[in-house]
$ cat structure_9.cif   # mmCIF, C-alpha atoms
data_final
loop_
_atom_site.label_atom_id
_atom_site.label_comp_id
_atom_site.auth_asym_id
_atom_site.auth_seq_id
_atom_site.Cartn_x
_atom_site.Cartn_y
_atom_site.Cartn_z
CA MET A 1 -12.58 -4.03 54.93
CA ALA A 2 -10.56 -1.68 52.73
CA GLU A 3 -10.73 -4.24 49.95
CA ALA A 4 -14.50 -4.40 50.14
CA THR A 5 -14.85 -0.63 49.86
CA ALA A 6 -12.40 -0.35 46.97
CA LYS A 7 -14.29 0.61 43.85
CA LYS A 8 -14.18 -1.72 40.89
CA THR A 9 -13.02 -0.21 37.63
CA LYS A 10 -15.36 -0.47 34.70
CA LYS A 11 -14.56 -2.69 31.76
CA SER A 12 -14.67 0.31 29.43
CA VAL A 13 -11.98 2.05 31.49
CA LEU A 14 -9.79 -1.05 31.39
CA LYS A 15 -10.30 -1.35 27.64
CA ARG A 16 -9.35 2.27 27.12
CA GLU A 17 -6.20 1.89 29.23
CA ARG A 18 -5.15 -1.21 27.26
CA ARG A 19 -5.81 0.57 23.97
CA ASP A 20 -3.75 3.58 25.06
CA ALA A 21 -0.90 1.33 26.20
CA LYS A 22 -0.95 -0.42 22.82
CA LYS A 23 -0.81 2.94 21.01
CA GLU A 24 2.16 4.06 23.11
CA ALA A 25 4.01 0.83 22.34
CA ALA A 26 3.34 1.26 18.60
CA LYS A 27 4.97 4.70 18.50
CA THR A 28 8.40 3.12 18.12
CA GLY A 29 9.60 0.04 16.32
CA PRO A 30 9.09 -1.32 12.82
CA VAL A 31 7.15 0.59 10.18
CA LEU A 32 4.78 -0.88 7.62
CA ALA A 33 4.02 0.30 4.08
CA LYS A 34 1.59 -1.34 1.67
CA LEU A 35 1.10 -1.24 -2.06
CA VAL A 36 -2.19 -2.66 -3.29
CA ASN A 37 -3.55 -3.68 -6.71
CA VAL A 38 -0.29 -3.44 -8.64
CA PRO A 39 -1.09 -4.52 -12.21
CA SER A 40 1.64 -7.14 -12.62
CA SER A 41 1.74 -10.78 -11.67
CA PRO A 42 2.82 -11.72 -8.14
CA ARG A 43 5.48 -14.03 -9.55
CA LYS A 44 7.23 -11.16 -11.35
CA MET A 45 7.03 -8.90 -8.29
CA ARG A 46 8.42 -11.61 -5.97
CA LEU A 47 11.58 -11.80 -8.11
CA VAL A 48 12.28 -8.13 -7.32
CA ALA A 49 11.16 -8.37 -3.67
CA ASP A 50 13.59 -11.22 -3.04
CA LEU A 51 16.48 -8.98 -4.12
CA ILE A 52 15.97 -6.45 -1.31
CA ARG A 53 14.78 -8.65 1.58
CA GLY A 54 17.11 -8.18 4.56
CA GLU A 55 19.20 -5.45 2.88
CA ARG A 56 20.01 -2.03 4.31
CA VAL A 57 17.76 0.71 2.96
CA ASN A 58 20.47 2.55 1.00
CA LYS A 59 21.66 -0.62 -0.70
CA ALA A 60 18.06 -1.66 -1.44
CA LEU A 61 17.37 1.73 -3.07
CA ASN A 62 20.47 1.32 -5.26
CA ILE A 63 19.45 -2.21 -6.24
CA LEU A 64 15.95 -1.07 -7.19
CA LYS A 65 17.18 1.99 -9.06
CA TYR A 66 19.29 -0.05 -11.49
CA GLU A 67 17.13 -3.17 -11.71
CA PRO A 68 15.50 -3.48 -15.16
CA LYS A 69 12.57 -5.65 -14.02
CA ILE A 70 9.03 -4.29 -14.27
CA GLY A 71 8.27 -4.11 -10.55
CA SER A 72 11.39 -2.27 -9.40
CA PRO A 73 10.15 1.35 -9.87
CA LYS A 74 7.01 0.60 -7.88
CA LEU A 75 8.98 -1.09 -5.07
CA GLU A 76 11.43 1.82 -5.02
CA LYS A 77 8.54 4.23 -4.49
CA LEU A 78 7.11 1.96 -1.78
CA LEU A 79 10.47 1.85 0.01
CA LEU A 80 10.71 5.65 -0.07
CA SER A 81 7.20 5.80 1.37
CA ALA A 82 8.18 3.41 4.17
CA ILE A 83 11.20 5.59 4.98
CA ALA A 84 8.92 8.64 5.16
CA ASN A 85 6.56 6.70 7.44
CA TRP A 86 9.49 5.85 9.70
CA GLY A 87 10.47 9.53 9.77
CA ASN A 88 6.94 10.51 10.84
CA LYS A 89 6.86 7.85 13.53
CA ASN A 90 10.31 8.65 14.95
CA GLN A 91 10.51 12.43 14.59
CA ASP A 92 13.21 12.88 17.22
CA ALA A 93 15.59 10.37 15.57
CA LYS A 94 17.91 11.05 12.65
CA LEU A 95 17.60 8.88 9.58
CA GLU A 96 21.37 8.47 9.14
CA GLU A 97 21.88 7.24 12.70
CA ALA A 98 18.97 4.81 12.61
CA ASP A 99 20.61 2.38 10.16
CA LEU A 100 17.33 1.19 8.61
CA TYR A 101 16.99 -2.16 6.89
CA VAL A 102 14.22 -4.09 5.11
CA LYS A 103 13.00 -6.36 7.88
CA ASP A 104 10.42 -8.18 5.81
CA ILE A 105 8.72 -7.93 2.44
CA TRP A 106 6.10 -10.18 0.94
CA VAL A 107 3.92 -10.24 -2.15
CA ASP A 108 0.38 -11.59 -2.13
CA GLY A 109 -1.87 -12.18 -5.08
CA GLY A 110 -4.49 -9.51 -5.70
CA ARG A 111 -7.67 -9.64 -7.70
CA GLN A 112 -7.71 -11.14 -11.18
CA LEU A 113 -9.40 -9.46 -14.10
CA LYS A 114 -10.82 -12.18 -16.32
CA ARG A 115 -10.94 -11.45 -20.04
CA LEU A 116 -11.79 -13.54 -23.08
CA ARG A 117 -9.51 -13.93 -26.08
CA PRO A 118 -11.01 -15.29 -29.32
CA ALA A 119 -9.81 -18.77 -30.22
CA PRO A 120 -10.19 -20.90 -33.36
CA GLN A 121 -13.52 -22.45 -34.35
CA GLY A 122 -15.67 -19.98 -32.44
CA ARG A 123 -14.23 -20.79 -29.03
CA ALA A 124 -12.77 -18.41 -26.45
CA HIS A 125 -9.82 -18.74 -24.12
CA ARG A 126 -9.77 -17.05 -20.74
CA ILE A 127 -7.03 -14.51 -20.04
CA ARG A 128 -6.29 -13.84 -16.37
CA LYS A 129 -4.81 -10.38 -15.78
CA ARG A 130 -3.22 -10.76 -12.38
CA SER A 131 -2.44 -8.11 -9.80
CA ASN A 132 -0.62 -8.19 -6.47
CA HIS A 133 -0.34 -6.60 -3.04
CA VAL A 134 3.09 -5.82 -1.58
CA THR A 135 3.74 -5.34 2.16
CA LEU A 136 7.07 -3.90 3.29
CA ILE A 137 8.37 -3.62 6.86
CA ILE A 138 11.46 -1.59 7.72
CA ASP A 139 13.15 -1.39 11.09
CA SER A 140 16.22 0.14 12.66
CA LEU A 141 19.30 -1.89 13.49
CA ASN A 142 20.23 0.71 16.14
CA LYS A 143 17.26 0.89 18.46
CA ILE A 144 16.41 4.50 19.26
CA GLY A 145 16.60 5.25 22.98
CA ALA A 146 18.53 2.05 23.72
CA GLU A 147 22.00 2.45 25.11
CA VAL A 148 24.69 1.34 22.71
CA VAL A 149 27.58 -0.39 24.45
CA THR A 150 30.88 0.12 22.69
CA GLU A 151 33.87 -2.21 22.80
CA GLN A 152 35.88 0.21 24.98
CA GLU A 153 33.19 0.21 27.68
CA THR A 154 33.07 -3.57 27.77
CA LYS A 155 36.88 -3.86 28.23
CA GLU A 156 36.89 -1.57 31.26
#

$ encode --input "structure_9.cif" --output "structure tokens"
Amino acid sequence: MAEATAKKTKKSVLKRERRDAKKEAAKTGPVLAKLVNVPSSPRKMRLVADLIRGERVNKALNILKYEPKIGSPKLEKLLLSAIANWGNKNQDAKLEEADLYVKDIWVDGGRQLKRLRPAPQGRAHRIRKRSNHVTLIIDSLNKIGAEVVTEQETKE
């Protein structure tokens, strides 16, 4: 009889609780940064992105700083932005102790500006000015809040 008198919870309440639980879970973990409509071809940007995939953040910043390719200054700025995003998300953690690394980075093609270049005999050739979108995910190797087990504790 107690089950029959128990009040059903509304769907809106359940939705709100799920949404709040999802927000709480998103407060820690990997951080995303995006760069959209970069005016260079995706192929050129992928060459630079492949250099820093999986690297620690400090090493990736050094690689990008001294890389002469066209996309490296923009990716360096994006990486600094991702580090700042991580700092905002994990305000209680120290950046040095977090041991951040580039978890994933990918480059997608953006919109193409189509232009015409004059060609011989009154014809025209199409010029495609490509752009790209870059998505960068950084994460911590040392999980914040997780207990780190040292070698001395395991021997005992």

$ closest_residue --input "structure_9.cif" --among "A:Val57, A:Met45, A:Leu80, A:Ala33" --to "Ser131 in chain A" --atoms "only C-alpha atoms"
A:Met45

$ residues_around --input "structure_9.cif" --residues "Lys143 in chain A" --least-positions-apart "6" --cutoff "10 Å" --atoms "all atoms listed in the file" --output "PyMOL selection string"
chain A and resi 28-29+97-100

$ residues_around --input "structure_9.cif" --residues "Gly71 in chain A" --least-positions-apart "4" --cutoff "12 Å" --atoms "only C-alpha atoms" --output "compact mmCIF listing (two decimals) with C-alpha atoms, in the coordinates of the input"
# COMPACT_ATOMS: atom_id res chain seq x y z
CA LEU A 35 1.10 -1.24 -2.06
CA VAL A 38 -0.29 -3.44 -8.64
CA PRO A 39 -1.09 -4.52 -12.21
CA SER A 40 1.64 -7.14 -12.62
CA SER A 41 1.74 -10.78 -11.67
CA PRO A 42 2.82 -11.72 -8.14
CA ARG A 43 5.48 -14.03 -9.55
CA LYS A 44 7.23 -11.16 -11.35
CA MET A 45 7.03 -8.90 -8.29
CA ARG A 46 8.42 -11.61 -5.97
CA LEU A 47 11.58 -11.80 -8.11
CA VAL A 48 12.28 -8.13 -7.32
CA ALA A 49 11.16 -8.37 -3.67
CA ASP A 50 13.59 -11.22 -3.04
CA LEU A 51 16.48 -8.98 -4.12
CA LEU A 64 15.95 -1.07 -7.19
CA LYS A 65 17.18 1.99 -9.06
CA TYR A 66 19.29 -0.05 -11.49
CA GLU A 67 17.13 -3.17 -11.71
CA LEU A 75 8.98 -1.09 -5.07
CA GLU A 76 11.43 1.82 -5.02
CA LYS A 77 8.54 4.23 -4.49
CA LEU A 78 7.11 1.96 -1.78
CA VAL A 107 3.92 -10.24 -2.15
CA SER A 131 -2.44 -8.11 -9.80
CA ASN A 132 -0.62 -8.19 -6.47
CA HIS A 133 -0.34 -6.60 -3.04
CA VAL A 134 3.09 -5.82 -1.58

$ atom_distance --input "structure_9.cif" --atom1 "CA of Ile127 in chain A" --atom2 "CA of Lys74 in chain A"
23.9 Å

$ atom_distance --input "structure_9.cif" --atom1 "CA of Val36 in chain A" --atom2 "CA of Arg130 in chain A"
12.2 Å

$ residues_around --input "structure_9.cif" --residues "Arg117 in chain A" --least-positions-apart "3" --cutoff "8 Å" --atoms "only C-alpha atoms" --output "list in words"
Ala124, His125, Arg126 and Ile127 of chain A

$ atom_distance --input "structure_9.cif" --atom1 "CA of Leu61 in chain A" --atom2 "CA of Arg111 in chain A"
27.9 Å

$ closest_residue --input "structure_9.cif" --among "A:Lys103, A:Arg123, A:Lys10, A:Lys129" --to "Val31 in chain A" --atoms "only C-alpha atoms"
A:Lys103

$ closest_residue --input "structure_9.cif" --among "A:Leu136, A:Leu141, A:Ile52, A:Ala60" --to "Leu95 in chain A" --atoms "all atoms listed in the file"
A:Leu141

$ closest_residue --input "structure_9.cif" --among "A:Val102, A:Ala82, A:Leu116, A:Ala21" --to "Arg56 in chain A" --atoms "only C-alpha atoms"
A:Val102

$ closest_residue --input "structure_9.cif" --among "A:Ile137, A:Val13, A:Pro73, A:Arg18" --to "Trp106 in chain A" --atoms "all atoms listed in the file"
A:Ile137

$ closest_residue --input "structure_9.cif" --among "A:Leu79, A:Leu32, A:Ala93, A:Gly87" --to "Asn62 in chain A" --atoms "only C-alpha atoms"
A:Leu79
